[in-house]
file upload.cif (mmCIF, C-alpha atoms and all ligand atoms)
data_final
#
loop_
_atom_site.label_atom_id
_atom_site.label_comp_id
_atom_site.auth_asym_id
_atom_site.auth_seq_id
_atom_site.Cartn_x
_atom_site.Cartn_y
_atom_site.Cartn_z
CA MET V 1 -32.05 79.75 -64.31
CA SER V 2 -35.30 81.33 -63.17
CA GLY V 3 -34.11 83.13 -60.09
CA HIS V 4 -37.09 81.73 -58.18
CA ASP V 5 -35.58 78.30 -57.62
CA PRO V 6 -34.40 78.05 -54.00
CA HIS V 7 -31.42 76.03 -55.22
CA ASP V 8 -30.42 78.69 -57.69
CA HIS V 9 -27.37 80.26 -56.14
CA ASP V 10 -24.67 82.13 -57.93
CA ASP V 11 -21.79 80.11 -56.53
CA HIS V 12 -23.28 76.77 -57.36
CA ASP V 13 -21.53 73.65 -56.08
CA ASP V 14 -21.68 71.84 -59.38
CA HIS V 15 -18.34 73.22 -60.48
CA SER V 16 -16.78 70.77 -58.03
CA GLU V 17 -18.29 67.75 -59.77
CA LEU V 18 -15.84 64.93 -60.41
CA GLY V 19 -16.15 61.82 -62.53
CA ASP V 20 -17.76 62.34 -65.90
CA MET V 21 -17.88 66.10 -65.42
CA ASP V 22 -14.18 66.23 -64.66
CA VAL V 23 -13.09 66.61 -68.24
CA ARG V 24 -15.52 69.44 -68.91
CA VAL V 25 -14.45 71.21 -65.74
CA ARG V 26 -10.78 70.92 -66.60
CA ALA V 27 -11.43 72.19 -70.10
CA LEU V 28 -13.37 75.14 -68.76
CA GLU V 29 -10.68 75.85 -66.16
CA SER V 30 -8.03 75.83 -68.88
CA ILE V 31 -9.94 78.32 -70.99
CA LEU V 32 -10.63 80.61 -68.05
CA ALA V 33 -7.02 80.46 -66.95
CA ALA V 34 -5.79 81.12 -70.49
CA LYS V 35 -8.03 84.18 -70.69
CA GLY V 36 -6.75 85.33 -67.30
CA TYR V 37 -10.12 85.07 -65.53
CA VAL V 38 -9.01 82.59 -62.90
CA ASP V 39 -5.73 81.75 -61.24
CA PRO V 40 -5.23 77.95 -61.24
CA ALA V 41 -3.15 78.15 -58.06
CA ALA V 42 -5.95 79.96 -56.27
CA LEU V 43 -8.41 77.34 -57.46
CA ASP V 44 -6.17 74.59 -56.11
CA VAL V 45 -6.03 76.27 -52.72
CA LEU V 46 -9.81 76.62 -52.66
CA ILE V 47 -10.39 72.99 -53.57
CA ASP V 48 -7.79 71.73 -51.12
CA THR V 49 -9.33 73.80 -48.37
CA TYR V 50 -12.73 72.25 -48.76
CA GLN V 51 -11.63 68.75 -49.68
CA THR V 52 -8.98 68.07 -47.07
CA ARG V 53 -8.35 70.88 -44.61
CA VAL V 54 -11.96 71.73 -43.88
CA GLY V 55 -13.31 68.46 -45.16
CA PRO V 56 -15.83 66.87 -42.84
CA ARG V 57 -13.57 67.34 -39.81
CA ASN V 58 -15.25 70.56 -38.76
CA GLY V 59 -18.63 68.85 -38.66
CA ALA V 60 -17.11 66.00 -36.65
CA ARG V 61 -15.94 68.50 -34.04
CA VAL V 62 -19.41 70.05 -33.91
CA VAL V 63 -20.96 66.62 -33.31
CA ALA V 64 -18.38 65.64 -30.69
CA ARG V 65 -19.04 68.88 -28.84
CA ALA V 66 -22.79 68.21 -28.93
CA TRP V 67 -22.18 64.72 -27.52
CA THR V 68 -20.12 66.04 -24.63
CA ASP V 69 -21.73 69.40 -23.84
CA PRO V 70 -25.51 69.39 -23.19
CA ASP V 71 -25.72 73.18 -23.37
CA PHE V 72 -24.00 73.22 -26.75
CA ARG V 73 -26.25 70.40 -27.98
CA ALA V 74 -29.34 72.38 -26.98
CA TRP V 75 -27.96 75.48 -28.70
CA LEU V 76 -27.09 73.50 -31.82
CA LEU V 77 -30.64 72.16 -32.07
CA GLU V 78 -32.10 75.60 -31.38
CA ASP V 79 -29.86 77.71 -33.62
CA ALA V 80 -27.31 75.64 -35.52
CA THR V 81 -25.95 78.60 -37.45
CA ALA V 82 -24.99 80.45 -34.26
CA ALA V 83 -23.69 77.37 -32.45
CA ILE V 84 -21.53 76.30 -35.40
CA THR V 85 -20.29 79.86 -35.94
CA SER V 86 -19.22 79.98 -32.29
CA LEU V 87 -16.70 77.21 -33.06
CA GLY V 88 -15.28 79.29 -35.90
CA PHE V 89 -16.79 77.29 -38.75
CA VAL V 90 -18.17 79.94 -41.04
CA GLY V 91 -18.24 80.36 -44.77
CA ARG V 92 -20.18 80.10 -47.94
CA GLN V 93 -22.94 77.53 -48.18
CA GLY V 94 -23.18 77.45 -44.41
CA GLU V 95 -24.99 80.65 -43.61
CA HIS V 96 -28.26 78.99 -42.59
CA MET V 97 -27.68 75.70 -40.84
CA VAL V 98 -30.18 73.37 -39.22
CA ALA V 99 -29.03 70.43 -37.08
CA VAL V 100 -31.20 67.34 -36.89
CA GLU V 101 -30.49 64.72 -34.25
CA ASN V 102 -30.72 60.98 -34.69
CA THR V 103 -32.41 58.98 -31.94
CA ALA V 104 -33.60 55.40 -31.55
CA ALA V 105 -37.00 56.60 -32.77
CA ARG V 106 -35.86 58.69 -35.71
CA HIS V 107 -33.05 58.62 -38.25
CA ASN V 108 -32.41 61.70 -40.38
CA ILE V 109 -30.99 61.73 -43.87
CA VAL V 110 -30.10 64.72 -46.04
CA VAL V 111 -30.43 65.21 -49.77
CA CYS V 112 -30.68 68.02 -52.25
CA THR V 113 -33.32 66.80 -54.67
CA LEU V 114 -32.76 69.55 -57.23
CA CYS V 115 -28.99 69.91 -57.31
CA SER V 116 -26.26 69.54 -54.71
CA CYS V 117 -26.78 72.05 -51.90
CA TYR V 118 -24.47 71.00 -49.07
CA PRO V 119 -23.02 72.60 -45.91
CA TRP V 120 -19.46 73.35 -47.04
CA PRO V 121 -18.10 74.89 -43.80
CA VAL V 122 -18.83 71.75 -41.79
CA LEU V 123 -18.68 68.93 -44.34
CA GLY V 124 -16.39 70.17 -47.11
CA LEU V 125 -17.19 69.26 -50.70
CA PRO V 126 -20.10 66.90 -51.38
CA PRO V 127 -19.27 63.35 -52.41
CA VAL V 128 -20.04 62.40 -56.00
CA TRP V 129 -22.93 60.12 -55.00
CA TYR V 130 -24.61 63.00 -53.14
CA LYS V 131 -24.86 64.84 -56.43
CA SER V 132 -25.96 61.82 -58.44
CA ALA V 133 -29.46 61.70 -59.90
CA PRO V 134 -30.21 58.21 -58.52
CA TYR V 135 -29.46 59.23 -54.93
CA ARG V 136 -31.41 62.46 -55.21
CA ALA V 137 -34.44 60.77 -56.73
CA ARG V 138 -34.49 57.56 -54.74
CA VAL V 139 -33.74 58.73 -51.22
CA VAL V 140 -37.10 60.49 -51.07
CA ARG V 141 -39.10 57.56 -52.44
CA ASP V 142 -37.22 54.75 -50.76
CA PRO V 143 -34.89 55.96 -48.01
CA ARG V 144 -34.72 52.53 -46.41
CA GLY V 145 -33.64 50.98 -49.69
CA VAL V 146 -30.98 53.64 -50.22
CA LEU V 147 -29.68 53.16 -46.67
CA ALA V 148 -29.47 49.40 -47.31
CA GLU V 149 -27.21 50.13 -50.28
CA PHE V 150 -24.96 52.07 -47.92
CA GLY V 151 -24.90 48.97 -45.71
CA LEU V 152 -27.18 50.52 -43.14
CA SER V 153 -30.15 48.57 -41.88
CA LEU V 154 -32.29 50.28 -39.26
CA PRO V 155 -35.03 48.73 -37.14
CA ALA V 156 -38.49 48.96 -38.68
CA THR V 157 -39.53 50.95 -35.62
CA THR V 158 -37.07 53.72 -36.50
CA GLU V 159 -38.76 56.43 -38.52
CA ILE V 160 -36.63 57.81 -41.35
CA ARG V 161 -36.99 61.49 -42.10
CA VAL V 162 -35.57 62.98 -45.28
CA TRP V 163 -34.49 66.63 -45.33
CA ASP V 164 -34.23 68.44 -48.65
CA SER V 165 -31.43 71.01 -48.66
CA THR V 166 -31.73 74.28 -50.49
CA ALA V 167 -29.61 77.36 -50.95
CA GLU V 168 -31.43 78.78 -47.92
CA VAL V 169 -31.09 75.87 -45.49
CA ARG V 170 -28.32 73.29 -45.12
CA TYR V 171 -28.75 70.37 -42.76
CA LEU V 172 -26.26 68.64 -40.48
CA VAL V 173 -27.19 65.28 -39.02
CA ILE V 174 -26.08 64.65 -35.44
CA PRO V 175 -25.50 60.90 -35.42
CA ARG V 176 -26.09 58.84 -32.29
CA ARG V 177 -23.12 58.54 -30.00
CA PRO V 178 -21.83 54.99 -30.44
CA PRO V 179 -21.88 52.45 -27.60
CA GLY V 180 -18.57 52.05 -25.83
CA SER V 181 -17.58 55.69 -26.27
CA ALA V 182 -18.48 56.93 -22.78
CA ALA V 183 -14.87 57.31 -21.66
CA LEU V 184 -13.70 59.20 -24.74
CA GLY V 185 -13.01 62.92 -24.86
CA ALA V 186 -14.17 65.26 -27.59
CA GLU V 187 -11.10 64.79 -29.76
CA ALA V 188 -11.33 60.99 -29.78
CA LEU V 189 -15.07 61.20 -30.29
CA ALA V 190 -14.64 63.41 -33.34
CA GLU V 191 -12.57 60.63 -34.91
CA LEU V 192 -15.66 58.41 -34.80
CA VAL V 193 -17.82 60.89 -36.70
CA THR V 194 -17.74 60.08 -40.40
CA ARG V 195 -18.87 62.33 -43.21
CA ASP V 196 -21.64 59.90 -44.12
CA SER V 197 -22.90 59.83 -40.53
CA MET V 198 -23.46 63.59 -40.79
CA ILE V 199 -25.39 63.19 -44.06
CA GLY V 200 -27.36 60.30 -42.62
CA THR V 201 -26.17 57.57 -44.96
CA GLY V 202 -23.99 56.09 -42.23
CA LEU V 203 -23.58 55.81 -38.48
CA ALA V 204 -20.77 57.03 -36.29
CA ARG V 205 -18.06 54.39 -35.96
CA ALA V 206 -17.80 52.30 -32.84
CA PRO V 207 -14.52 52.82 -30.95
CA GLY V 208 -11.90 50.48 -32.39
CA ALA V 209 -13.87 49.84 -35.58
CA PRO V 210 -11.88 50.10 -38.83
CA THR V 211 -11.80 53.56 -40.41
FE FE V 301 -29.40 72.39 -54.42
#
call {"tool": "encode", "arguments": {"input": "upload.cif", "output": "structure tokens"}}
result
Amino acid sequence: MSGHDPHDHDDHDDHSELGDMDVRVRALESILAAKGYVDPAALDVLIDTYQTRVGPRNGARVVARAWTDPDFRAWLLEDATAAITSLGFVGRQGEHMVAVENTAARHNIVVCTLCSCYPWPVLGLPPVWYKSAPYRARVVRDPRGVLAEFGLSLPATTEIRVWDSTAEVRYLVIPRRPPGSAALGAEALAELVTRDSMIGTGLARAPGAPT
């Protein structure tokens, strides 16, 4: 790698690739473990942390807080890194966060066109489709078409803005608070915030909607 590419970071996310890369990864892991370079148990803990324990639940709590606390929302939009850190969500791939808020007028969607930059501390590991070439290429050219494939159809009057993540900046979408959620507290609200709604390929769930 050149060293000038903003996506060129030493702890690149691609080692978490599943699907057709899975076999290669497992083979590599086996060799590294056999040579004593990595501890498979430590790897399992790392993966579990990001996939399930951290997962996208941290981001959901950030969003729920923004929905219920106007001061926090303002802070999040002004300095997402500091606001997110204040909730204790810190770690690699989340050092420089920017929050972008969906409104009736504008829907935000996040991609990494060059690789798979993604905000680990708030969203966990990226889904396979996020790292796929078709998503990365098409979301810039035809965001409305990509959203339709995710089952999301927005009014023509809603502008769609695409944000390209890099190693320097990772984006978190603040989805719109769903109708019918006025009476819910932060914890119940967080349950409505899906991973995809924080990438921009989905909306927050309506209360009572299937998970
Ligand atoms: Fe990247």
call {"tool": "residues_near_ligand", "arguments": {"input": "upload.cif", "ligand": "ligand FE 301 (chain V)", "cutoff": "7 Å", "atoms": "only C-alpha atoms and all ligand atoms", "output": "MDAnalysis selection string"}}
result
chainID V and resid 7 112:117 165:167
call {"tool": "closest_residue", "arguments": {"input": "upload.cif", "among": "V:Met198, V:Ala82, V:Val54, V:Ala156", "to": "Trp120 in chain V", "atoms": "only C-alpha atoms"}}
result
V:Val54
call {"tool": "residues_around", "arguments": {"input": "upload.cif", "residues": "Pro119 in chain V", "least_positions_apart": "2", "cutoff": "7 Å", "atoms": "all atoms listed in the file", "output": "PDB file with C-alpha atoms, in the frame of the given file"}}
result
ATOM      1  CA  GLN V  93     -22.940  77.530 -48.180  1.00  0.00           C
ATOM      2  CA  GLY V  94     -23.180  77.450 -44.410  1.00  0.00           C
ATOM      3  CA  PRO V 121     -18.100  74.890 -43.800  1.00  0.00           C
ATOM      4  CA  VAL V 122     -18.830  71.750 -41.790  1.00  0.00           C
ATOM      5  CA  LEU V 123     -18.680  68.930 -44.340  1.00  0.00           C
ATOM      6  CA  ARG V 170     -28.320  73.290 -45.120  1.00  0.00           C
ATOM      7  CA  TYR V 171     -28.750  70.370 -42.760  1.00  0.00           C
TER       8      TYR V 171
END
call {"tool": "residues_around", "arguments": {"input": "upload.cif", "residues": "Leu189 in chain V", "least_positions_apart": "4", "cutoff": "12 Å", "atoms": "only C-alpha atoms", "output": "VMD selection string"}}
result
chain V and resid 57 59 to 68 175 to 185 193 to 194 204 to 208
call {"tool": "closest_residue", "arguments": {"input": "upload.cif", "among": "V:Leu172, V:Leu192, V:Ser132, V:Pro127", "to": "Asp79 in chain V", "atoms": "only C-alpha atoms"}}
result
V:Leu172
call {"tool": "residues_around", "arguments": {"input": "upload.cif", "residues": "range 97-99 of chain V", "least_positions_apart": "5", "cutoff": "7 Å", "atoms": "all atoms listed in the file", "output": "ChimeraX atom specification"}}
result
/V:76-77,80-81,169-174
call {"tool": "axis_aligned_box", "arguments": {"input": "upload.cif", "around": "range 57-62 of chain V", "padding_each_side": "6 Å", "output": "AutoDock Vina command-line options"}}
result
--center_x -16.5 --center_y 68.3 --center_z -36.9 --size_x 17.8 --size_y 16.6 --size_z 17.9
call {"tool": "closest_residue", "arguments": {"input": "upload.cif", "among": "V:Val111, V:Ala190, V:Leu203, V:Ala137", "to": "Arg161 in chain V", "atoms": "only C-alpha atoms"}}
result
V:Val111
call {"tool": "closest_residue", "arguments": {"input": "upload.cif", "among": "V:Tyr118, V:Phe72, V:Phe150, V:Tyr130", "to": "Thr85 in chain V", "atoms": "only C-alpha atoms"}}
result
V:Phe72
call {"tool": "build_atoms", "arguments": {"input": "upload.cif", "residues": "range 71-105 of chain V", "atoms": "N, CA and C atoms", "output": "PDB file, in the frame of the given file"}}
result
ATOM      1  N   ASP V  71     -25.312  71.817 -23.026  1.00  0.00           N
ATOM      2  CA  ASP V  71     -25.720  73.180 -23.370  1.00  0.00           C
ATOM      3  C   ASP V  71     -25.473  73.463 -24.847  1.00  0.00           C
ATOM      4  N   PHE V  72     -24.304  73.004 -25.343  1.00  0.00           N
ATOM      5  CA  PHE V  72     -24.000  73.220 -26.750  1.00  0.00           C
ATOM      6  C   PHE V  72     -24.979  72.440 -27.629  1.00  0.00           C
ATOM      7  N   ARG V  73     -25.291  71.208 -27.216  1.00  0.00           N
ATOM      8  CA  ARG V  73     -26.250  70.400 -27.980  1.00  0.00           C
ATOM      9  C   ARG V  73     -27.596  71.126 -28.099  1.00  0.00           C
ATOM     10  N   ALA V  74     -28.056  71.667 -26.974  1.00  0.00           N
ATOM     11  CA  ALA V  74     -29.340  72.380 -26.980  1.00  0.00           C
ATOM     12  C   ALA V  74     -29.272  73.597 -27.914  1.00  0.00           C
ATOM     13  N   TRP V  75     -28.157  74.300 -27.849  1.00  0.00           N
ATOM     14  CA  TRP V  75     -27.960  75.480 -28.700  1.00  0.00           C
ATOM     15  C   TRP V  75     -27.929  75.071 -30.174  1.00  0.00           C
ATOM     16  N   LEU V  76     -27.223  73.988 -30.449  1.00  0.00           N
ATOM     17  CA  LEU V  76     -27.090  73.500 -31.820  1.00  0.00           C
ATOM     18  C   LEU V  76     -28.468  73.155 -32.402  1.00  0.00           C
ATOM     19  N   LEU V  77     -29.304  72.538 -31.592  1.00  0.00           N
ATOM     20  CA  LEU V  77     -30.640  72.160 -32.070  1.00  0.00           C
ATOM     21  C   LEU V  77     -31.546  73.384 -32.199  1.00  0.00           C
ATOM     22  N   GLU V  78     -31.281  74.383 -31.385  1.00  0.00           N
ATOM     23  CA  GLU V  78     -32.100  75.600 -31.380  1.00  0.00           C
ATOM     24  C   GLU V  78     -31.677  76.560 -32.493  1.00  0.00           C
ATOM     25  N   ASP V  79     -30.379  76.747 -32.633  1.00  0.00           N
ATOM     26  CA  ASP V  79     -29.860  77.710 -33.620  1.00  0.00           C
ATOM     27  C   ASP V  79     -28.491  77.202 -34.103  1.00  0.00           C
ATOM     28  N   ALA V  80     -28.544  76.301 -35.065  1.00  0.00           N
ATOM     29  CA  ALA V  80     -27.310  75.640 -35.520  1.00  0.00           C
ATOM     30  C   ALA V  80     -26.334  76.637 -36.116  1.00  0.00           C
ATOM     31  N   THR V  81     -26.849  77.628 -36.822  1.00  0.00           N
ATOM     32  CA  THR V  81     -25.950  78.600 -37.450  1.00  0.00           C
ATOM     33  C   THR V  81     -25.086  79.291 -36.393  1.00  0.00           C
ATOM     34  N   ALA V  82     -25.721  79.744 -35.319  1.00  0.00           N
ATOM     35  CA  ALA V  82     -24.990  80.450 -34.260  1.00  0.00           C
ATOM     36  C   ALA V  82     -24.042  79.509 -33.523  1.00  0.00           C
ATOM     37  N   ALA V  83     -24.518  78.312 -33.201  1.00  0.00           N
ATOM     38  CA  ALA V  83     -23.690  77.370 -32.450  1.00  0.00           C
ATOM     39  C   ALA V  83     -22.460  76.958 -33.252  1.00  0.00           C
ATOM     40  N   ILE V  84     -22.644  76.715 -34.545  1.00  0.00           N
ATOM     41  CA  ILE V  84     -21.530  76.300 -35.400  1.00  0.00           C
ATOM     42  C   ILE V  84     -20.567  77.478 -35.601  1.00  0.00           C
ATOM     43  N   THR V  85     -21.127  78.662 -35.788  1.00  0.00           N
ATOM     44  CA  THR V  85     -20.290  79.860 -35.940  1.00  0.00           C
ATOM     45  C   THR V  85     -19.420  80.081 -34.713  1.00  0.00           C
ATOM     46  N   SER V  86     -19.969  79.752 -33.528  1.00  0.00           N
ATOM     47  CA  SER V  86     -19.220  79.980 -32.290  1.00  0.00           C
ATOM     48  C   SER V  86     -17.949  79.145 -32.240  1.00  0.00           C
ATOM     49  N   LEU V  87     -17.904  78.041 -33.010  1.00  0.00           N
ATOM     50  CA  LEU V  87     -16.700  77.210 -33.060  1.00  0.00           C
ATOM     51  C   LEU V  87     -15.754  77.677 -34.166  1.00  0.00           C
ATOM     52  N   GLY V  88     -16.158  78.724 -34.875  1.00  0.00           N
ATOM     53  CA  GLY V  88     -15.280  79.290 -35.900  1.00  0.00           C
ATOM     54  C   GLY V  88     -15.505  78.716 -37.285  1.00  0.00           C
ATOM     55  N   PHE V  89     -16.549  77.905 -37.444  1.00  0.00           N
ATOM     56  CA  PHE V  89     -16.790  77.290 -38.750  1.00  0.00           C
ATOM     57  C   PHE V  89     -17.813  78.120 -39.513  1.00  0.00           C
ATOM     58  N   VAL V  90     -17.297  79.054 -40.284  1.00  0.00           N
ATOM     59  CA  VAL V  90     -18.170  79.940 -41.040  1.00  0.00           C
ATOM     60  C   VAL V  90     -17.724  79.929 -42.494  1.00  0.00           C
ATOM     61  N   GLY V  91     -18.616  80.277 -43.373  1.00  0.00           N
ATOM     62  CA  GLY V  91     -18.240  80.360 -44.770  1.00  0.00           C
ATOM     63  C   GLY V  91     -19.421  80.169 -45.681  1.00  0.00           C
ATOM     64  N   ARG V  92     -19.127  80.210 -46.939  1.00  0.00           N
ATOM     65  CA  ARG V  92     -20.180  80.100 -47.940  1.00  0.00           C
ATOM     66  C   ARG V  92     -20.855  78.745 -47.855  1.00  0.00           C
ATOM     67  N   GLN V  93     -22.115  78.738 -48.182  1.00  0.00           N
ATOM     68  CA  GLN V  93     -22.940  77.530 -48.180  1.00  0.00           C
ATOM     69  C   GLN V  93     -23.181  77.019 -46.769  1.00  0.00           C
ATOM     70  N   GLY V  94     -22.919  77.862 -45.776  1.00  0.00           N
ATOM     71  CA  GLY V  94     -23.180  77.450 -44.410  1.00  0.00           C
ATOM     72  C   GLY V  94     -23.843  78.541 -43.597  1.00  0.00           C
ATOM     73  N   GLU V  95     -24.449  79.467 -44.287  1.00  0.00           N
ATOM     74  CA  GLU V  95     -24.990  80.650 -43.610  1.00  0.00           C
ATOM     75  C   GLU V  95     -26.268  80.339 -42.828  1.00  0.00           C
ATOM     76  N   HIS V  96     -26.995  79.312 -43.247  1.00  0.00           N
ATOM     77  CA  HIS V  96     -28.260  78.990 -42.590  1.00  0.00           C
ATOM     78  C   HIS V  96     -28.319  77.494 -42.324  1.00  0.00           C
ATOM     79  N   MET V  97     -27.800  77.118 -41.178  1.00  0.00           N
ATOM     80  CA  MET V  97     -27.680  75.700 -40.840  1.00  0.00           C
ATOM     81  C   MET V  97     -28.815  75.243 -39.922  1.00  0.00           C
ATOM     82  N   VAL V  98     -29.233  74.012 -40.125  1.00  0.00           N
ATOM     83  CA  VAL V  98     -30.180  73.370 -39.220  1.00  0.00           C
ATOM     84  C   VAL V  98     -29.598  72.009 -38.845  1.00  0.00           C
ATOM     85  N   ALA V  99     -29.533  71.727 -37.545  1.00  0.00           N
ATOM     86  CA  ALA V  99     -29.030  70.430 -37.080  1.00  0.00           C
ATOM     87  C   ALA V  99     -30.215  69.532 -36.732  1.00  0.00           C
ATOM     88  N   VAL V 100     -30.152  68.310 -37.187  1.00  0.00           N
ATOM     89  CA  VAL V 100     -31.200  67.340 -36.890  1.00  0.00           C
ATOM     90  C   VAL V 100     -30.553  66.128 -36.219  1.00  0.00           C
ATOM     91  N   GLU V 101     -31.132  65.707 -35.114  1.00  0.00           N
ATOM     92  CA  GLU V 101     -30.490  64.720 -34.250  1.00  0.00           C
ATOM     93  C   GLU V 101     -31.104  63.326 -34.421  1.00  0.00           C
ATOM     94  N   ASN V 102     -30.249  62.353 -34.623  1.00  0.00           N
ATOM     95  CA  ASN V 102     -30.720  60.980 -34.690  1.00  0.00           C
ATOM     96  C   ASN V 102     -30.999  60.440 -33.290  1.00  0.00           C
ATOM     97  N   THR V 103     -32.065  59.651 -33.192  1.00  0.00           N
ATOM     98  CA  THR V 103     -32.410  58.980 -31.940  1.00  0.00           C
ATOM     99  C   THR V 103     -32.798  57.542 -32.294  1.00  0.00           C
ATOM    100  N   ALA V 104     -33.120  56.761 -31.280  1.00  0.00           N
ATOM    101  CA  ALA V 104     -33.600  55.400 -31.550  1.00  0.00           C
ATOM    102  C   ALA V 104     -34.901  55.459 -32.355  1.00  0.00           C
ATOM    103  N   ALA V 105     -35.681  56.496 -32.133  1.00  0.00           N
ATOM    104  CA  ALA V 105     -37.000  56.600 -32.770  1.00  0.00           C
ATOM    105  C   ALA V 105     -36.935  57.198 -34.173  1.00  0.00           C
TER     106      ALA V 105
END
